[in-house]
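Colleague: Okay, here's the structure, questions in a sec.
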Amino acid sequence: MRPSSAVAALVAHLALLSSISFGGFPTVLPDVRSFVVLTHGWMTDEDFTNIFAMAQAIPGPNMILMMGLVGWKVSGFSGALAGAAATFAPPRAIYYAAFRLWNRFRDARWQRSVRAGLAPVTVGLIMASGIVMARAAEPNGRRSFSPSPPPSPC
């Protein structure tokens, strides 16, 4: 895949994911990992986990930084800019429009029900992301949190 088409594929995927993520971008990390590691092979699980750890350690908007670093790995500086922009631009436009609409109906009774329904969905998506990241960090596919087998009697 040419670098420009790789950037276009990454931007399209990140823009879609950032547009549909509830609870922030960490909720779609499993899909990002699948796209960049398994589908396209642009990086290894170890690279992805290291980028995630580095983005978490640096202050600021860590998921925008992480997607910028993923874009850098795919296609250098232009990939970094494109990955970061694809992460924040679509939801920014959606949030602005949604806030205007939400504020218009701020006294409606249905708003309480919507808020109550979104909370458990968001928690579940964040928990799923944590599980996927923990599994991706396992060396050689072994679960580091599982007990080791007993020694053989031989």
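In the structure tokens, the first chain shown is A, the next is B, and so on; residue numbers restart at 1 for each chain, and ligands run from 1 in the order shown.
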I want to know what sits within 12 Å of Thr39 in chain A, based on only C-alpha atoms, with residues of the same chain fewer than 4 positions away left out; could you give that as a list in words?
Modeller: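 The filter keeps Ala6, Ala9, Leu10, His13, Asp31, Val32, Arg33, Ser34, Phe35, Met43 and Thr44 of chain A.
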Colleague: Atoms to include: C-alpha atoms. Write the selected residues as a short mmCIF file (atom, residue, chain, number, x, y, z; two decimals), in the first residue's frame.
Modeller:
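This went into out.cif:
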data_model
loop_
_atom_site.label_atom_id
_atom_site.label_comp_id
_atom_site.auth_asym_id
_atom_site.auth_seq_id
_atom_site.Cartn_x
_atom_site.Cartn_y
_atom_site.Cartn_z
CA ALA A 6 -2.19 4.12 3.84
CA ALA A 9 -7.18 4.40 4.97
CA LEU A 10 -6.00 5.32 8.48
CA HIS A 13 -10.96 4.51 9.82
CA ASP A 31 -10.77 -1.82 16.78
CA VAL A 32 -7.83 0.53 16.17
CA ARG A 33 -5.44 -2.22 17.27
CA SER A 34 -7.12 -4.73 14.99
CA PHE A 35 -6.94 -2.31 12.05
CA MET A 43 3.01 -2.26 13.58
CA THR A 44 3.30 -5.11 16.05
#
Colleague: Neighbouring residues of range 92-102 of chain A were defined as those with any atom within 8 Å, considering only C-alpha atoms; residues of the same chain fewer than 4 positions away were excluded. Please report them as a PDB file with C-alpha atoms, in the first residue's frame.
Modeller:
ATOM      1  CA  SER A  19     -17.468   9.664  15.264  1.00  0.00           C
ATOM      2  CA  PHE A  88     -10.602  15.060  17.125  1.00  0.00           C
ATOM      3  CA  ARG A 106     -32.863  21.097  27.999  1.00  0.00           C
TER       4      ARG A 106
END
Colleague: How many Å separate CA of Val28 in chain A from CA of Ser129 in chain A?
Modeller: 6.9 Å
Colleague: Counting only C-alpha atoms, which of A:Ser5, A:Phe25, A:Ile51, A:Arg115 gets nearest to Gly79 in chain A?
Modeller: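 Ranked by minimum distance to Gly79 in chain A, first place goes to A:Ser5.
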Colleague: Which one is closest to Met63 in chain A: A:Asn103, A:Thr122, A:Ser113, A:Thr87? Count only C-alpha atoms.
Modeller: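 Closest to Met63 in chain A, using only C-alpha atoms: A:Thr87.
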Colleague: Give me, please, the distance in Å between CA of Leu29 in chain A and CA of Gln56 in chain A, quoted to one decimal.
Modeller: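 Rounded to one decimal, the two atoms are 13.2 Å apart.
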Colleague: So that I can check the secondary structure, give me every residue of range 42-77 of chain A assigned helix (DSSP H, G or I) by backbone DSSP, as JSON, numbers by chain.
Modeller: {"A": [45, 46, 47, 48, 49, 50, 51, 52, 53, 54, 55, 56, 57, 62, 63, 64, 65, 66, 67, 68, 69, 70, 71, 72, 73, 74, 75, 76, 77]}
